[in-house]
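Undergrad: Below are the structure tokens for one structure; questions will follow.
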Amino acid sequence: MGLGKSYKGGRISDTEVSDVIWKNFFQGKMTYLHWTKGEEMAPTFGRQGTLLVRKIPSADPTRVFVGDVVVVKDPANTDNYLVRRLAALEGYEMVSNDEKDEPFVLDKDECWVLSDNENLKAKEANDSRLFGPVSITNIVGRVIYCLRTAVDHGPVQNSYFGMRKDAPVLEVELDVDEMAKNHRISDTKFVGNRGKEKENI
């Protein structure tokens, strides 16, 4: 079965199919594995997990949506990546719980990302409450599947639109056995690197 036939059966536009076919000859799959560790995305991922991430070569409001769990470059260190939930996009008005903070509107190409763990303060969560808006171009992918352990894994709850777009990709590229194999490797490889997130491509 050819690549075009596999992906075209889903809800991916002709342009995206063409882009993928072209890029597939040079870059391989539409997804990659990412290892994450820490409390920031609990309970969504627990304390650690191997994530299947759909690559997003050029993020914009037609490719990522509010509610998606995304991999974004860490504003403090662009060699690192954070996994956070996309909470707002350009044009959204941001209002703080603190009355001293003035409301503001996200500028063009800006987005706001948050930790899922509501028990963490801004500094611990290391999200937009700490570092502010980030450029949407710093988003490199959407997390579509999480393997916590060999028996605890499943699709990630993203926006309705994100999940529709990712369904055919998940169907073709999900390999739980491969994720479990990489999870075990990652588990030993990253002992001692508490709270750091690394990318396995």
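The chains in the structure tokens are called A, B, ... from first to last as shown; in each chain the residues are counted from 1, and the ligands are counted from 1 in the order shown.
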Apply DSSP to the backbone of this structure and, from region 55-173 of chain A, keep only the residues in alpha helix (DSSP H); write these as a PyMOL selection string.
TA: chain A and resi 122-125+128-131+160-173
Undergrad: As a list of chain:residue names, list the residues of region 19-68 of chain A assigned to strand (DSSP E) by DSSP on the backbone atoms of this structure.
TA: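 Output for region 19-68 of chain A, strand (DSSP E) only: A:Thr31, A:Tyr32, A:Leu33, A:His34, A:Trp35, A:Thr36, A:Lys37, A:Gln48, A:Gly49, A:Thr50, A:Leu51, A:Leu52, A:Val53, A:Arg54, A:Lys55.
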Undergrad: For Gly67 (chain A), find every residue with an atom within 12 Å (counting only C-alpha atoms), except residues of its own chain fewer than 6 positions away, and show them as a list of chain:residue names.
TA: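 So the residues in contact are A:Arg84, A:Arg85, A:Leu86, A:Ala87, A:Ala88, A:Leu89, A:Cys111, A:Trp112, A:Val113, A:Leu114, A:Ser115, A:Asp116, A:Arg142, A:Val143, A:Val156, A:Gln157, A:Asn158, A:Ser159, A:Tyr160, A:Phe161, A:Gly162, A:Met163.
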Undergrad: Near Asn119 (chain A), within 12 Å and counting only C-alpha atoms, which residues show up once chain neighbours fewer than 5 positions away are dropped, as a ChimeraX atom specification?
TA: /A:39-43,124-125
Undergrad: How far is it from CA of Gly132 (chain A) to CA of Thr31 (chain A), in Å with one decimal?
TA: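 So the two atoms, CA of Gly132 (chain A) and CA of Thr31 (chain A), lie 28.0 Å apart.
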Undergrad: Using only C-alpha atoms, which of the listed residues (A:Gly141, A:Arg148, A:Met179, A:Asn97) sits closest to Val69 (chain A)?
TA: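 Counting only C-alpha atoms, the residue closest to Val69 (chain A) is A:Gly141.
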Undergrad: Find the residues near Ile56 (chain A): any atom within 9 Å, counting only C-alpha atoms, skip ones fewer than 6 places away on the same chain, and give them as number ranges by chain.
TA: A: 30, 63-64, 139-142
Undergrad: May I have the residues within 6 Å of Ile144 (chain A) as a PyMOL selection string, using only C-alpha atoms and disregarding those fewer than 2 positions away in the same chain?
TA: chain A and resi 52-53+155-156
Undergrad: If we count only C-alpha atoms, what is near Ala76 (chain A) at a cut-off of 10 Å, once residues fewer than 3 positions away on the same chain are taken out, given as a list in words?
TA: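 The neighbour list is Lys73, Asp79, Asn80, Tyr81, Asn126 and Phe131 of chain A.
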